[in-house]
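**Q** Got a file for you: my_file.tsv, TSV, C-alpha atoms and all ligand atoms.
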chain	number	residue	atom	x	y	z
X	8	MET	CA	-0.93	-9.45	14.79
X	9	PRO	CA	1.00	-7.29	17.33
X	10	ILE	CA	2.86	-4.37	15.79
X	11	ASP	CA	6.58	-4.38	16.56
X	12	THR	CA	7.76	-0.80	17.05
X	13	ASP	CA	11.40	-1.82	17.59
X	14	PRO	CA	13.31	-0.26	14.67
X	15	SER	CA	15.90	-3.04	14.61
X	16	VAL	CA	15.42	-5.87	12.12
X	17	ALA	CA	15.56	-9.12	14.09
X	18	PRO	CA	17.59	-12.02	12.61
X	19	ASP	CA	14.49	-13.99	11.59
X	20	TYR	CA	12.45	-10.93	10.60
X	21	VAL	CA	12.32	-11.58	6.86
X	22	ALA	CA	11.64	-15.31	7.18
X	23	ASP	CA	8.69	-14.57	9.46
X	24	LEU	CA	7.47	-11.82	7.15
X	25	PHE	CA	6.47	-14.20	4.36
X	26	ASP	CA	5.49	-17.15	6.55
X	27	LEU	CA	1.79	-18.03	6.24
X	28	SER	CA	1.82	-20.95	8.69
X	29	GLY	CA	-1.39	-21.20	10.67
X	30	ARG	CA	-3.36	-19.09	8.21
X	31	THR	CA	-6.32	-20.23	6.17
X	32	ALA	CA	-6.65	-19.00	2.59
X	33	VAL	CA	-9.67	-19.23	0.29
X	34	VAL	CA	-8.83	-19.02	-3.42
X	35	THR	CA	-11.85	-18.66	-5.72
X	36	GLY	CA	-11.16	-19.89	-9.23
X	37	GLY	CA	-8.33	-21.86	-7.66
X	38	GLY	CA	-8.82	-24.79	-10.01
X	39	SER	CA	-7.11	-23.22	-13.03
X	40	GLY	CA	-4.66	-20.63	-14.31
X	41	LEU	CA	-3.60	-17.85	-11.95
X	42	GLY	CA	-5.70	-19.24	-9.08
X	43	ASP	CA	-4.03	-22.63	-9.46
X	44	ALA	CA	-0.53	-21.13	-9.19
X	45	ILE	CA	-1.51	-18.84	-6.30
X	46	SER	CA	-3.10	-21.74	-4.39
X	47	ARG	CA	0.08	-23.78	-4.70
X	48	GLY	CA	2.23	-20.79	-3.73
X	49	LEU	CA	0.19	-19.92	-0.65
X	50	ALA	CA	0.39	-23.56	0.45
X	51	GLN	CA	4.17	-23.58	0.03
X	52	ALA	CA	4.30	-20.51	2.28
X	53	GLY	CA	2.49	-22.56	4.94
X	54	ALA	CA	-1.18	-21.67	4.52
X	55	ARG	CA	-4.05	-24.13	4.57
X	56	VAL	CA	-5.69	-23.52	1.19
X	57	ILE	CA	-9.36	-23.90	0.32
X	58	VAL	CA	-9.43	-24.27	-3.46
X	59	ALA	CA	-12.91	-23.04	-4.41
X	60	ASP	CA	-14.17	-23.44	-7.96
X	61	VAL	CA	-17.21	-24.40	-10.01
X	62	ASN	CA	-14.81	-26.76	-11.75
X	63	LEU	CA	-14.50	-29.26	-8.91
X	64	ASP	CA	-12.22	-31.56	-10.93
X	65	GLY	CA	-9.75	-28.71	-11.43
X	66	ALA	CA	-9.96	-27.75	-7.77
X	67	GLU	CA	-9.44	-31.38	-6.67
X	68	HIS	CA	-6.41	-31.64	-8.95
X	69	VAL	CA	-4.80	-28.53	-7.44
X	70	ALA	CA	-5.62	-29.55	-3.87
X	71	ALA	CA	-4.21	-33.04	-4.44
X	72	GLY	CA	-1.04	-31.54	-5.91
X	73	ILE	CA	-0.60	-29.44	-2.78
X	74	ARG	CA	-1.17	-32.41	-0.47
X	75	ASP	CA	1.29	-34.50	-2.53
X	76	ILE	CA	4.12	-32.17	-1.52
X	77	GLY	CA	3.07	-32.10	2.14
X	78	GLY	CA	0.85	-29.03	2.05
X	79	SER	CA	-2.65	-28.56	3.39
X	80	ALA	CA	-5.50	-28.08	0.92
X	81	GLU	CA	-9.12	-28.98	0.29
X	82	ALA	CA	-11.20	-28.56	-2.84
X	83	VAL	CA	-14.71	-27.16	-2.58
X	84	ASP	CA	-17.44	-26.74	-5.18
X	85	ALA	CA	-18.32	-23.05	-4.91
X	86	ASP	CA	-19.96	-20.65	-7.35
X	87	VAL	CA	-19.01	-17.07	-6.49
X	88	THR	CA	-22.18	-15.76	-8.12
X	89	VAL	CA	-24.30	-17.61	-5.54
X	90	ARG	CA	-24.02	-16.13	-2.08
X	91	GLY	CA	-25.37	-19.28	-0.41
X	92	THR	CA	-22.55	-21.48	-1.70
X	93	LEU	CA	-19.95	-19.02	-0.39
X	94	GLU	CA	-21.68	-18.89	3.00
X	95	ALA	CA	-21.73	-22.69	3.09
X	96	VAL	CA	-17.95	-22.75	2.54
X	97	SER	CA	-17.42	-20.05	5.15
X	98	ALA	CA	-19.48	-22.01	7.70
X	99	THR	CA	-17.05	-24.95	7.47
X	100	LEU	CA	-13.98	-22.84	8.30
X	101	ASP	CA	-12.69	-21.92	11.76
X	102	ARG	CA	-11.14	-18.74	10.38
X	103	VAL	CA	-10.36	-17.02	7.09
X	104	ASP	CA	-7.12	-15.04	6.95
X	105	ILE	CA	-6.57	-14.68	3.21
X	106	LEU	CA	-9.01	-14.42	0.30
X	107	VAL	CA	-7.89	-14.44	-3.32
X	108	ASN	CA	-10.62	-13.68	-5.86
X	109	SER	CA	-9.38	-15.29	-9.05
X	110	ALA	CA	-12.70	-16.61	-10.41
X	111	GLY	CA	-13.31	-14.69	-13.59
X	112	THR	CA	-13.85	-14.86	-17.30
X	113	SER	CA	-13.79	-12.85	-20.51
X	114	ALA	CA	-15.30	-12.88	-23.99
X	115	ARG	CA	-14.38	-10.94	-27.09
X	116	PHE	CA	-16.94	-9.14	-29.26
X	117	PRO	CA	-17.06	-5.71	-30.90
X	118	ALA	CA	-18.78	-3.32	-28.47
X	119	GLU	CA	-21.68	-2.59	-30.83
X	120	ASP	CA	-22.48	-6.31	-31.08
X	121	PHE	CA	-21.70	-7.32	-27.51
X	122	PRO	CA	-24.41	-9.86	-26.54
X	123	GLU	CA	-26.40	-8.82	-23.50
X	124	ASP	CA	-26.38	-12.27	-21.93
X	125	VAL	CA	-22.58	-12.46	-22.20
X	126	TYR	CA	-22.32	-8.94	-20.76
X	127	ASP	CA	-24.46	-9.98	-17.78
X	128	ARG	CA	-22.40	-13.14	-17.25
X	129	ILE	CA	-19.07	-11.27	-17.23
X	130	ILE	CA	-20.24	-8.47	-14.95
X	131	GLY	CA	-22.05	-10.98	-12.72
X	132	LEU	CA	-18.97	-13.14	-12.30
X	133	ASN	CA	-16.03	-10.73	-12.40
X	134	LEU	CA	-17.57	-7.83	-10.52
X	135	LYS	CA	-20.55	-8.98	-8.48
X	136	GLY	CA	-19.07	-12.42	-7.80
X	137	SER	CA	-15.88	-10.85	-6.47
X	138	PHE	CA	-17.94	-8.52	-4.30
X	139	LEU	CA	-20.06	-11.33	-2.88
X	140	SER	CA	-16.91	-13.23	-2.02
X	141	CYS	CA	-15.38	-10.14	-0.39
X	142	GLN	CA	-18.57	-9.64	1.62
X	143	VAL	CA	-18.94	-13.22	2.83
X	144	PHE	CA	-15.29	-13.84	3.72
X	145	GLY	CA	-14.59	-10.20	4.58
X	146	ARG	CA	-17.18	-10.39	7.38
X	147	ARG	CA	-15.21	-13.25	8.89
X	148	MET	CA	-12.03	-11.17	8.72
X	149	LEU	CA	-13.78	-8.15	10.27
X	150	ASP	CA	-14.97	-10.38	13.12
X	151	GLN	CA	-11.39	-11.63	13.57
X	152	GLY	CA	-9.98	-8.09	13.32
X	153	ALA	CA	-7.47	-9.20	10.68
X	154	GLY	CA	-7.27	-10.43	7.12
X	155	SER	CA	-5.94	-9.82	3.64
X	156	ILE	CA	-8.04	-9.82	0.47
X	157	ILE	CA	-6.44	-9.97	-2.96
X	158	ASN	CA	-8.62	-9.31	-5.97
X	159	ILE	CA	-7.38	-10.21	-9.42
X	160	ALA	CA	-7.88	-7.04	-11.41
X	161	SER	CA	-6.15	-6.46	-14.77
X	162	ILE	CA	-4.27	-3.88	-16.79
X	163	GLY	CA	-7.81	-3.52	-18.15
X	164	SER	CA	-8.70	-1.88	-14.82
X	165	SER	CA	-6.69	1.12	-16.05
X	166	VAL	CA	-6.41	1.03	-19.85
X	167	ALA	CA	-8.57	-0.10	-22.76
X	168	TYR	CA	-8.02	-2.67	-25.46
X	169	PRO	CA	-10.38	-3.82	-28.21
X	170	GLN	CA	-13.38	-6.16	-28.13
X	171	THR	CA	-13.54	-6.60	-24.37
X	172	THR	CA	-15.86	-3.84	-23.20
X	173	ALA	CA	-17.69	-5.95	-20.60
X	174	TYR	CA	-14.39	-7.25	-19.23
X	175	LEU	CA	-12.90	-3.76	-19.03
X	176	GLN	CA	-16.01	-2.47	-17.27
X	177	SER	CA	-15.85	-5.34	-14.78
X	178	LYS	CA	-12.14	-4.88	-14.04
X	179	GLY	CA	-12.49	-1.12	-13.71
X	180	GLY	CA	-15.15	-1.94	-11.15
X	181	VAL	CA	-12.88	-4.42	-9.37
X	182	ALA	CA	-10.28	-1.66	-8.97
X	183	GLN	CA	-12.83	0.69	-7.40
X	184	MET	CA	-14.27	-2.10	-5.27
X	185	THR	CA	-10.74	-2.77	-3.99
X	186	ARG	CA	-10.28	0.88	-3.03
X	187	SER	CA	-13.72	1.26	-1.44
X	188	LEU	CA	-13.41	-1.87	0.70
X	189	ALA	CA	-9.83	-0.98	1.63
X	190	LEU	CA	-10.99	2.40	2.87
X	191	GLU	CA	-13.91	1.01	4.87
X	192	TRP	CA	-12.14	-1.96	6.41
X	193	ILE	CA	-8.54	-0.96	7.20
X	194	SER	CA	-9.50	0.53	10.59
X	195	ARG	CA	-10.78	-2.96	11.50
X	196	GLY	CA	-7.62	-4.78	10.44
X	197	VAL	CA	-8.62	-5.96	6.97
X	198	ARG	CA	-6.43	-5.03	4.00
X	199	VAL	CA	-7.80	-5.15	0.45
X	200	ASN	CA	-5.47	-5.03	-2.54
X	201	ALA	CA	-5.44	-6.21	-6.14
X	202	ILE	CA	-3.01	-7.74	-8.58
X	203	ALA	CA	-3.30	-6.28	-12.09
X	204	PRO	CA	-1.78	-8.68	-14.62
X	205	SER	CA	-1.13	-8.09	-18.30
X	206	LEU	CA	-1.65	-11.04	-20.67
X	207	PHE	CA	-0.79	-14.31	-18.91
X	208	ASP	CA	-0.58	-17.76	-20.40
X	209	THR	CA	-3.61	-19.48	-18.86
X	210	PRO	CA	-6.46	-21.66	-20.19
X	211	LEU	CA	-8.71	-18.56	-20.29
X	212	VAL	CA	-6.37	-16.67	-22.62
X	213	ARG	CA	-5.55	-19.68	-24.77
X	214	ALA	CA	-9.28	-20.36	-25.31
X	215	SER	CA	-9.80	-16.75	-26.48
X	216	ASP	CA	-6.81	-16.99	-28.81
X	217	ASP	CA	-8.49	-19.88	-30.58
X	218	VAL	CA	-11.45	-17.64	-31.42
X	219	VAL	CA	-9.87	-14.31	-32.32
X	220	SER	CA	-6.40	-12.91	-31.63
X	221	LEU	CA	-7.03	-9.17	-32.17
X	222	THR	CA	-7.09	-8.40	-28.46
X	223	SER	CA	-3.97	-10.44	-27.70
X	224	GLU	CA	-2.05	-8.87	-30.60
X	225	PHE	CA	-3.03	-5.37	-29.44
X	226	ILE	CA	-1.86	-6.09	-25.88
X	227	MET	CA	1.35	-7.85	-26.88
X	228	ALA	CA	2.36	-4.98	-29.19
X	229	ARG	CA	2.25	-2.70	-26.13
X	230	THR	CA	3.87	-4.99	-23.55
X	231	PRO	CA	7.46	-3.80	-23.05
X	232	ILE	CA	8.73	-7.11	-21.70
X	233	GLY	CA	7.68	-8.67	-25.02
X	234	ARG	CA	6.07	-11.84	-23.75
X	235	ARG	CA	3.11	-13.21	-21.83
X	236	GLY	CA	3.39	-13.70	-18.11
X	237	LEU	CA	3.60	-17.16	-16.63
X	238	PRO	CA	1.12	-18.10	-13.90
X	239	THR	CA	4.06	-18.65	-11.53
X	240	GLU	CA	4.88	-14.95	-11.90
X	241	VAL	CA	1.84	-13.91	-9.86
X	242	VAL	CA	2.83	-16.14	-6.93
X	243	GLY	CA	5.41	-13.76	-5.43
X	244	PRO	CA	3.11	-10.73	-5.65
X	245	ALA	CA	0.28	-12.77	-4.08
X	246	ILE	CA	2.43	-13.94	-1.16
X	247	PHE	CA	3.61	-10.37	-0.64
X	248	LEU	CA	0.05	-9.06	-0.46
X	249	ALA	CA	-1.20	-12.01	1.63
X	250	SER	CA	1.56	-11.80	4.20
X	251	SER	CA	2.81	-9.44	6.86
X	252	ALA	CA	5.33	-8.19	4.30
X	253	SER	CA	2.60	-5.84	3.08
X	254	SER	CA	1.18	-4.83	6.47
X	255	MET	CA	1.17	-1.12	5.48
X	256	VAL	CA	-0.24	-1.73	1.99
X	257	THR	CA	-3.96	-1.43	1.27
X	258	GLY	CA	-6.12	-0.19	-1.60
X	259	HIS	CA	-3.22	-0.85	-3.96
X	260	LEU	CA	-3.27	-2.22	-7.51
X	261	LEU	CA	-0.01	-4.11	-7.91
X	262	GLN	CA	0.77	-4.06	-11.62
X	263	VAL	CA	2.27	-7.39	-12.71
X	264	ASP	CA	2.41	-6.45	-16.34
X	265	GLY	CA	5.92	-6.50	-17.81
X	266	GLY	CA	5.86	-2.71	-17.92
X	267	TYR	CA	2.54	-2.27	-19.76
X	268	LEU	CA	1.49	0.81	-17.82
X	269	ILE	CA	4.83	2.59	-18.21
X	270	ASN	CA	3.62	4.10	-21.48
Q	301	LIG	N1	-4.85	-14.74	-17.89
Q	301	LIG	C1	-4.70	-13.43	-18.04
Q	301	LIG	O1	-4.05	-12.95	-18.97
Q	301	LIG	C2	-5.34	-12.50	-17.06
Q	301	LIG	C3	-4.96	-11.16	-17.10
Q	301	LIG	C4	-5.53	-10.27	-16.21
Q	301	LIG	C5	-6.47	-10.71	-15.30
Q	301	LIG	N2	-6.83	-12.02	-15.30
Q	301	LIG	C6	-7.84	-12.44	-14.34
Q	301	LIG	O2	-7.34	-13.48	-13.55
Q	301	LIG	C7	-8.42	-14.29	-13.09
Q	301	LIG	C8	-8.10	-15.74	-13.40
Q	301	LIG	O3	-8.00	-15.87	-14.82
Q	301	LIG	P1	-7.27	-17.11	-15.50
Q	301	LIG	O4	-6.62	-16.58	-16.71
Q	301	LIG	O5	-6.49	-17.84	-14.48
Q	301	LIG	O6	-8.56	-17.95	-15.97
Q	301	LIG	P2	-8.88	-19.51	-15.90
Q	301	LIG	O7	-10.06	-19.69	-16.80
Q	301	LIG	O8	-7.68	-20.33	-16.14
Q	301	LIG	O9	-9.34	-19.72	-14.38
Q	301	LIG	C9	-10.53	-19.17	-13.90
Q	301	LIG	C10	-11.17	-20.16	-12.94
Q	301	LIG	O10	-12.37	-19.55	-12.43
Q	301	LIG	C11	-13.34	-20.58	-12.32
Q	301	LIG	N3	-14.68	-20.03	-12.29
Q	301	LIG	C12	-15.42	-19.57	-13.34
Q	301	LIG	N4	-16.62	-19.19	-12.92
Q	301	LIG	C13	-16.66	-19.40	-11.58
Q	301	LIG	C14	-17.64	-19.20	-10.58
Q	301	LIG	N5	-18.86	-18.70	-10.89
Q	301	LIG	N6	-17.33	-19.51	-9.31
Q	301	LIG	C15	-16.12	-20.03	-8.99
Q	301	LIG	N7	-15.15	-20.26	-9.89
Q	301	LIG	C16	-15.43	-19.93	-11.17
Q	301	LIG	C17	-13.10	-21.45	-13.54
Q	301	LIG	O11	-13.71	-22.73	-13.40
Q	301	LIG	C18	-11.59	-21.49	-13.59
Q	301	LIG	O12	-11.09	-22.58	-12.84
Q	301	LIG	C19	-9.67	-13.76	-13.79
Q	301	LIG	O13	-10.35	-12.87	-12.93
Q	301	LIG	C20	-9.09	-13.01	-14.97
Q	301	LIG	O14	-9.93	-11.98	-15.41
Q	301	LIG	C21	-6.30	-12.93	-16.15
Could you write out this file's structure as structure tokens?
Ligand SMILES: NC(=O)c1ccc[n+]([C@@H]2O[C@H](COP(=O)([O-])OP(=O)(O)OC[C@H]3O[C@@H](n4cnc5c(N)ncnc54)[C@H](O)[C@@H]3O)[C@@H](O)[C@H]2O)c1

**A**
Amino acid sequence: MPIDTDPSVAPDYVADLFDLSGRTAVVTGGGSGLGDAISRGLAQAGARVIVADVNLDGAEHVAAGIRDIGGSAEAVDADVTVRGTLEAVSATLDRVDILVNSAGTSARFPAEDFPEDVYDRIIGLNLKGSFLSCQVFGRRMLDQGAGSIINIASIGSSVAYPQTTAYLQSKGGVAQMTRSLALEWISRGVRVNAIAPSLFDTPLVRASDDVVSLTSEFIMARTPIGRRGLPTEVVGPAIFLASSASSMVTGHLLQVDGGYLIN
């Protein structure tokens, strides 16, 4: 995109700033929770959205919801832990302007008893899966000389809470991955940022609540806003980071946490 050095703010400047018309977005984990809301939001801003998920039913549901209101979306069956499936998705697309990495999971166990297979699954999905996705779709953006990547990090990228050591390790890694890619790729037009949510009301969190609530209680006791976030509350931050509104922003963790990190 050409850089406008005119200091005046044109009459349609702000409307254009958030407009994603003509852009193609890939949202991994787009079939549920935060990825679902972000997919719908990006589509409302004008983007064509590729809803990529191992849960194809969820992805189809989100894509159909977008098309029902006149948006452009397709569901694809893609596992972010398998490079080949990401490359297959990439090969079908003319361009990739926006990537949101929302595929992720968590599991709660005391650190001393954390099962190794669960540890491997969480690190493999949250950290390596996000990296594979950044690599595959980031290469497209580097070839285009433009693009915006949004990783879904967590307050757990910066602080600790109980019984989630693998998750915290993965999200700390996502924060550093965001910074390292941002540094390497900004000179070639690709911005890499992350959204760092506190506890949000999604299927992932509700499923964990059913098992044990220690982690949720610990987080909620320290969340100044006093409530969980709603998936719709990550839509604005995602559109900001996806769009030209954030053209000078890269390597940033945007805390969407009701004030959690104030203390
Ligand atoms: N909900 C929260 O409180 C919260 C807070 C901070 C960060 N996050 C992060 O936000 C992201 C989304 O979480 P959510 O709460 O919306 O969870 P969710 O379970 O509702 O959605 C996650 C989606 O990822 C998909 N997925 C799982 N494995 C996949 C794979 N290998 N390939 C592709 N898709 C896969 C799932 O099928 C699901 O549709 C995660 O990275 C999570 O760690 C969530």

**Q** Please identify the residues whose atoms come within 6 Å of ligand LIG 301 (chain Q), using all atoms listed in the file, and report them as number ranges by chain.

**A** X: 35-42, 60-62, 85-88, 109-112, 132, 159-161, 204-212

**Q** Within 9 Å of segment 15-30 of chain X, counting all atoms listed in the file, which residues show up once you throw out same-chain ones fewer than 4 positions away? Write them as a PyMOL selection string, please.

**A** chain X and resi 49-56+102-105+246-247+249-253

**Q** Pick out the closest residue to Asp264 of chain X from this set: X:Gly243, X:Gly145, X:Pro231, X:Pro122. Count only C-alpha atoms.

**A**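 So, comparing all the options, the nearest one is X:Pro231.
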
**Q** My list of candidates is X:Asp75, X:Asp101, X:Glu81, X:Asp64. Which is closest to Gln151 of chain X when distances are computed with all atoms listed in the file?

**A**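 Closest candidate: X:Asp101.
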
**Q** From the options X:Ile162, X:Phe225, X:Leu134, X:Thr171, which residue's atoms come nearest to Thr185 of chain X, counting all atoms listed in the file?

**A** X:Leu134

**Q** Using all atoms listed in the file, can you tell me which of X:Thr257, X:Ser187, X:Thr222, X:Thr31 comes closest to Phe144 of chain X?

**A**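 Residue with the minimum atom-to-atom distance to Phe144 of chain X: X:Thr31.
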
**Q** Which distance in Å separates atom CA of Leu260 of chain X and atom CA of Leu190 of chain X, to one decimal?

**A** 13.7 Å

**Q** Please, what distance in Å, to one decimal, runs between atom CA of Ala167 of chain X and atom CA of Arg198 of chain X?

**A**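 Separation of atom CA of Ala167 of chain X and atom CA of Arg198 of chain X: 27.3 Å.
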
**Q** Using only C-alpha atoms, which of the listed residues (X:Leu139, X:Ala203, X:Val125, X:Ala214) sits closest to Gly91 of chain X?

**A**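 Answer, going by the shortest atom-to-atom distance: X:Leu139.
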
**Q** Tell me which of X:Ala80, X:Val166, X:Met227, X:Leu248 sits closest to Ile202 of chain X, counting all atoms listed in the file.

**A**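 Nearest candidate to Ile202 of chain X out of X:Ala80, X:Val166, X:Met227, X:Leu248: X:Leu248.
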
**Q** Could you please fill out segment 182-212 of chain X with N, CA and C atoms and send it back as a tab-separated table (two decimals), keeping the file's coordinate frame?

**A**
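Generated output (result_27.tsv):
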chain	number	residue	atom	x	y	z
X	182	ALA	N	-11.25	-2.61	-9.53
X	182	ALA	CA	-10.28	-1.66	-8.97
X	182	ALA	C	-10.96	-0.73	-7.96
X	183	GLN	N	-12.12	-0.21	-8.32
X	183	GLN	CA	-12.83	0.69	-7.40
X	183	GLN	C	-13.39	-0.05	-6.19
X	184	MET	N	-13.82	-1.29	-6.40
X	184	MET	CA	-14.27	-2.10	-5.27
X	184	MET	C	-13.11	-2.30	-4.28
X	185	THR	N	-11.93	-2.56	-4.83
X	185	THR	CA	-10.74	-2.77	-3.99
X	185	THR	C	-10.48	-1.52	-3.14
X	186	ARG	N	-10.55	-0.36	-3.78
X	186	ARG	CA	-10.28	0.88	-3.03
X	186	ARG	C	-11.37	1.15	-2.00
X	187	SER	N	-12.64	0.92	-2.38
X	187	SER	CA	-13.72	1.26	-1.44
X	187	SER	C	-13.69	0.35	-0.23
X	188	LEU	N	-13.46	-0.95	-0.44
X	188	LEU	CA	-13.41	-1.87	0.70
X	188	LEU	C	-12.18	-1.60	1.55
X	189	ALA	N	-11.06	-1.29	0.88
X	189	ALA	CA	-9.83	-0.98	1.63
X	189	ALA	C	-10.06	0.19	2.58
X	190	LEU	N	-10.74	1.20	2.06
X	190	LEU	CA	-10.99	2.40	2.87
X	190	LEU	C	-11.90	2.08	4.06
X	191	GLU	N	-12.94	1.29	3.81
X	191	GLU	CA	-13.91	1.01	4.87
X	191	GLU	C	-13.37	0.05	5.92
X	192	TRP	N	-12.48	-0.85	5.52
X	192	TRP	CA	-12.14	-1.96	6.41
X	192	TRP	C	-10.77	-1.87	7.08
X	193	ILE	N	-9.91	-0.94	6.64
X	193	ILE	CA	-8.54	-0.96	7.20
X	193	ILE	C	-8.54	-0.64	8.70
X	194	SER	N	-9.49	0.19	9.16
X	194	SER	CA	-9.50	0.53	10.59
X	194	SER	C	-9.89	-0.69	11.43
X	195	ARG	N	-10.42	-1.74	10.76
X	195	ARG	CA	-10.78	-2.96	11.50
X	195	ARG	C	-9.86	-4.13	11.14
X	196	GLY	N	-8.68	-3.77	10.60
X	196	GLY	CA	-7.62	-4.78	10.44
X	196	GLY	C	-7.63	-5.55	9.13
X	197	VAL	N	-8.53	-5.20	8.21
X	197	VAL	CA	-8.62	-5.96	6.97
X	197	VAL	C	-8.05	-5.13	5.81
X	198	ARG	N	-7.05	-5.69	5.17
X	198	ARG	CA	-6.43	-5.03	4.00
X	198	ARG	C	-7.04	-5.59	2.72
X	199	VAL	N	-7.22	-4.73	1.74
X	199	VAL	CA	-7.80	-5.15	0.45
X	199	VAL	C	-6.94	-4.57	-0.67
X	200	ASN	N	-6.34	-5.45	-1.44
X	200	ASN	CA	-5.47	-5.03	-2.54
X	200	ASN	C	-5.84	-5.82	-3.80
X	201	ALA	N	-5.19	-5.47	-4.89
X	201	ALA	CA	-5.44	-6.21	-6.14
X	201	ALA	C	-4.14	-6.40	-6.90
X	202	ILE	N	-4.09	-7.50	-7.62
X	202	ILE	CA	-3.01	-7.74	-8.58
X	202	ILE	C	-3.58	-7.43	-9.96
X	203	ALA	N	-2.83	-6.67	-10.76
X	203	ALA	CA	-3.30	-6.28	-12.09
X	203	ALA	C	-2.36	-6.85	-13.15
X	204	PRO	N	-2.67	-8.05	-13.64
X	204	PRO	CA	-1.78	-8.68	-14.62
X	204	PRO	C	-2.01	-8.15	-16.04
X	205	SER	N	-0.97	-8.27	-16.85
X	205	SER	CA	-1.13	-8.09	-18.30
X	205	SER	C	-1.59	-9.44	-18.86
X	206	LEU	N	-1.22	-9.77	-20.07
X	206	LEU	CA	-1.65	-11.04	-20.67
X	206	LEU	C	-0.80	-12.18	-20.10
X	207	PHE	N	-1.47	-13.15	-19.49
X	207	PHE	CA	-0.79	-14.31	-18.91
X	207	PHE	C	-1.24	-15.57	-19.63
X	208	ASP	N	-0.33	-16.53	-19.66
X	208	ASP	CA	-0.58	-17.76	-20.40
X	208	ASP	C	-1.40	-18.72	-19.54
X	209	THR	N	-2.72	-18.61	-19.64
X	209	THR	CA	-3.61	-19.48	-18.86
X	209	THR	C	-4.66	-20.09	-19.81
X	210	PRO	N	-5.40	-21.08	-19.35
X	210	PRO	CA	-6.46	-21.66	-20.19
X	210	PRO	C	-7.45	-20.62	-20.70
X	211	LEU	N	-7.77	-19.60	-19.87
X	211	LEU	CA	-8.71	-18.56	-20.29
X	211	LEU	C	-8.20	-17.83	-21.53
X	212	VAL	N	-6.95	-17.43	-21.51
X	212	VAL	CA	-6.37	-16.67	-22.62
X	212	VAL	C	-6.19	-17.57	-23.84
